[in-house]
2 protein chains.
Amino acid sequence: MAPEAPPYTLLIIEDEIEITRAVGAALREQNPAIIEASGGKTGLDAVKSSHPDIIILDLGLPDLDGLEVCQRIRAVTDAPIIVLTARHGEADTVALLNAGADDYIIKPFSTQELAARVAAQLRRAAVPRHAPVSINADGLSIDIHLRQVKRGPMLVRLTPIEWEILAVLTSDPGRVFTHQQLFKAVWNRPYGDARLYLRVHLTNLRRKIERDPADPRLIITEPGVGYRFVAEW
Amino acid sequence: MAPEAPPYTLLIIEDEIEITRAVGAALREQNPAIIEASGGKTGLDAVKSSHPDIIILDLGLPDLDGLEVCQRIRAVTDAPIIVLTARHGEADTVALLNAGADDYIIKPFSTQELAARVAAQLRRAAVPRHAPVSINADGLSIDIHLRQVKRGPMLVRLTPIEWEILAVLTSDPGRVFTHQQLFKAVWNRPYGDARLYLRVHLTNLRRKIERDPADPRLIITEPGVGYRFVAEW
DNA sequence: CGCCAGCGTTAAGAATCCGCTAAGATCGGT
DNA sequence: ACCGATCTTAGCGGATTCTTAACGCTGGCG
């Protein structure tokens with residue numbers, strides 16, 4: 001029986017061989033074509049020559065800064081980038097997400113989690129998305145066109161800022177938006193203490209749309225990073 | 001067989017040649033006359049000189065801010081504007097739609113999707129307004145064709161502006177129309193303090209059609225945003 | 001065990017927005 | 001030119017929303 005053709009091409013930019021192997025093992029069932037690069041420069045070359053469908057990028061590269069690599073990849077392709085980050089490299093992770101990375105995984109990671117995230121990113125990238133007309137999650141329905149939110153049959157009144165936050169988060173369900181990304185999208189002014197504002201408005205927003213605001217299921221906090229909207233219902 | 005005359009004129013404002021070509025290829029079957037502009041300024045000139053039927057606008061232009069270009073196009077023409085936006089750019093879709101854009105597509109896009117959206121916008125622009133013939137809500141009946149409003153058996157006299165406001169709001173019940181959208185639809189002139197006018201005329205309109213003008217049920221205020229007509233009766 | 005950073009929550013003052021009134025200005029018909 | 005209807009413009013008071021600060025909780029870390 002002939003092996004099936006790889007369903008997608010994955011590029012992993014990683015200098016530690018153990019991790020490269022772990023990634024390969026985690027994704028064995030999906031049977032992707034895997035390209036390996038051990039540094040930022042070779043990684044960039046690989047992006048240009050191989051047109052991968054998804055890219056896994058480690059932060060601690062010896063030759064180039066991860067941030068720069070990420071930006072330069074983003075200048076060439078829209079393929080999803082998943083960042084591998086150490087436990088305490090949170091600041092770097094945030095900078096990377098701001099630079100265009102799609103998701104991040106903290107080392108050490110479970111093979112299941114990696115496989116799930118890769119699959120999720122591929123799913124999102126495969127469908128050229130337009131903002132969905134309506135979203136339904138956990139008894140909540142959001143109609144972008146009507147600018148209307150319902151909790152069951154009840155209309156929910158949102159203030160402009162609350163609506164903007166919800167609109168941004170739901171524009172790409174599952175994706176993490178950093179504090180800065182959200183702040184910039186909603187306030188559209190240079191800088192301020194993004195977290196200060198977001199904390200307050202997220203509280204108010206959750207009070208209106210979550211079943212139990214103390215145990216949010218729709219808008220999830222990513223500590224030190226930002227927020228994401230989950231629509232898996 | 002002689003080539004058929006172009007059914008419509010399309011202007012694409014885009015600095016990346018690959019995308020321009022991709023758009024051209026996607027629409028080949030529709031055989032439009034295509035005008036190309038590589039920047040915001042030349043794009044605006046082209047709008048004024050060529051009177052396109054539909055406009056495709058990339059956000060990431062080198063010379064001008066995409067939002068500004070959008071607004072300035074809208075000040076000149078009513079032709080549909082479809083915005084091309086990067087997946088990782090500021091997906092400030094709300095601001096875009098407020099600035100006068102009619103639809104947006106996230107890059108990368110499929111040729112089918114682009115063609116479908118262009119066709120949809122042209123269709124929508126061709127038919128001025130196809131609202132339901134009559135609306136009944138809370139004892140109020142509105143007949144669009146007859147230009148007639150009744151509160152029970154009593155005829156209600158509306159001034160031209162009041163009628164226009166009501167007609168716009170009821171053209172899409174439940175949807176929020178921003179101050180700017182309403183102002184543009186009714187007054188059809190570039191600038192003015194939309195809220196100032198709307199406040200007064202909304203007061204007068206409510207006095208005529210609401211049961212209790214102090215507690216409006218038909219025309220709901222969305223603070224900081226605009227108004228919506230509710231027809232859930 | 002105590003410290004600290006990050007987050008959620010609450011509350012109060014500031015800023016903004018809205019409904020309403022009313023006085024000119026404008027328009028259209030006779 | 002007159003007159004009534006409509007539109008524009010201004011301003012006040014009340015309501016809503018935003019900003020800002022303070023406090024409590026939790027979980028990691030020395």
# chains A, B, ... in the order shown; residues from 1 in each chain; ligands from 1
$ closest_atom_pairs --of "range 3-27 of chain D" --to "range 11-27 of chain C" --cutoff "8 Å" --atoms "only C-alpha atoms (C1' of nucleotides)" --output "JSON lines"
{"residue": "D:DT6", "atom": "C1'", "partner": "C:DC27", "partner_atom": "C1'", "distance": 7.7}
{"residue": "D:DC7", "atom": "C1'", "partner": "C:DT26", "partner_atom": "C1'", "distance": 7.1}
{"residue": "D:DT8", "atom": "C1'", "partner": "C:DA25", "partner_atom": "C1'", "distance": 7.0}
{"residue": "D:DA15", "atom": "C1'", "partner": "C:DC18", "partner_atom": "C1'", "distance": 7.7}
{"residue": "D:DT16", "atom": "C1'", "partner": "C:DC17", "partner_atom": "C1'", "distance": 7.2}
{"residue": "D:DT17", "atom": "C1'", "partner": "C:DT16", "partner_atom": "C1'", "distance": 7.3}
{"residue": "D:DC18", "atom": "C1'", "partner": "C:DA15", "partner_atom": "C1'", "distance": 7.3}
{"residue": "D:DT19", "atom": "C1'", "partner": "C:DA14", "partner_atom": "C1'", "distance": 7.5}
$ interface_residues --of "chain A" --to "chain C" --cutoff "12 Å" --atoms "only C-alpha atoms (C1' of nucleotides)" --output "short mmCIF file (atom, residue, chain, number, x, y, z; two decimals) with C-alpha atoms, in the first residue's frame"
data_model
loop_
_atom_site.label_atom_id
_atom_site.label_comp_id
_atom_site.auth_asym_id
_atom_site.auth_seq_id
_atom_site.Cartn_x
_atom_site.Cartn_y
_atom_site.Cartn_z
CA ARG A 195 -4.77 46.55 30.71
CA LEU A 196 -6.33 49.08 33.03
CA LEU A 198 -9.52 46.38 29.34
CA ARG A 199 -9.95 44.96 32.80
CA VAL A 200 -12.85 47.24 33.56
CA HIS A 201 -14.61 46.88 30.25
CA LEU A 202 -14.07 43.14 30.12
CA THR A 203 -15.72 42.87 33.52
CA ASN A 204 -18.72 44.82 32.30
CA ARG A 206 -18.71 39.56 30.83
CA ARG A 207 -21.40 40.59 33.24
CA PRO A 213 -19.33 36.14 34.95
CA ALA A 214 -17.16 34.67 37.69
CA ASP A 215 -16.50 31.63 35.51
CA PRO A 216 -16.25 32.97 31.96
CA THR A 221 -8.17 35.33 29.79
CA GLU A 222 -4.69 34.45 28.64
CA PRO A 223 -2.61 35.62 31.60
CA GLY A 224 0.09 38.07 30.67
CA VAL A 225 -0.95 37.96 27.03
CA GLY A 226 -4.51 38.98 26.32
CA TYR A 227 -7.94 37.52 25.67
#
$ calpha_fit_rmsd --fixed "chain B" --moving "chain A"
7.5 Å
$ select_by_dssp --residues "range 71-207 of chain B" --states "strand (DSSP E)" --output "list of chain:residue names"
B:Ile81, B:Ile82, B:Val83, B:Leu84, B:Thr85, B:Ala86, B:Asp103, B:Tyr104, B:Ile105, B:Ile106, B:Lys107, B:Ser134, B:Ile135, B:Asn136, B:Ala137, B:Leu140, B:Ser141, B:Ile142, B:Asp143, B:Gln148, B:Val149, B:Lys150, B:Arg151, B:Met154, B:Leu155, B:Val156, B:Val176, B:Phe177, B:Thr178
$ closest_residue --among "A:Pro80, A:Gly40, A:Gly192, A:Pro7" --to "Leu97 in chain A" --atoms "only C-alpha atoms"
A:Pro80
$ atom_distance --atom1 "CA of Leu44 in chain B" --atom2 "CA of Val76 in chain A"
28.4 Å
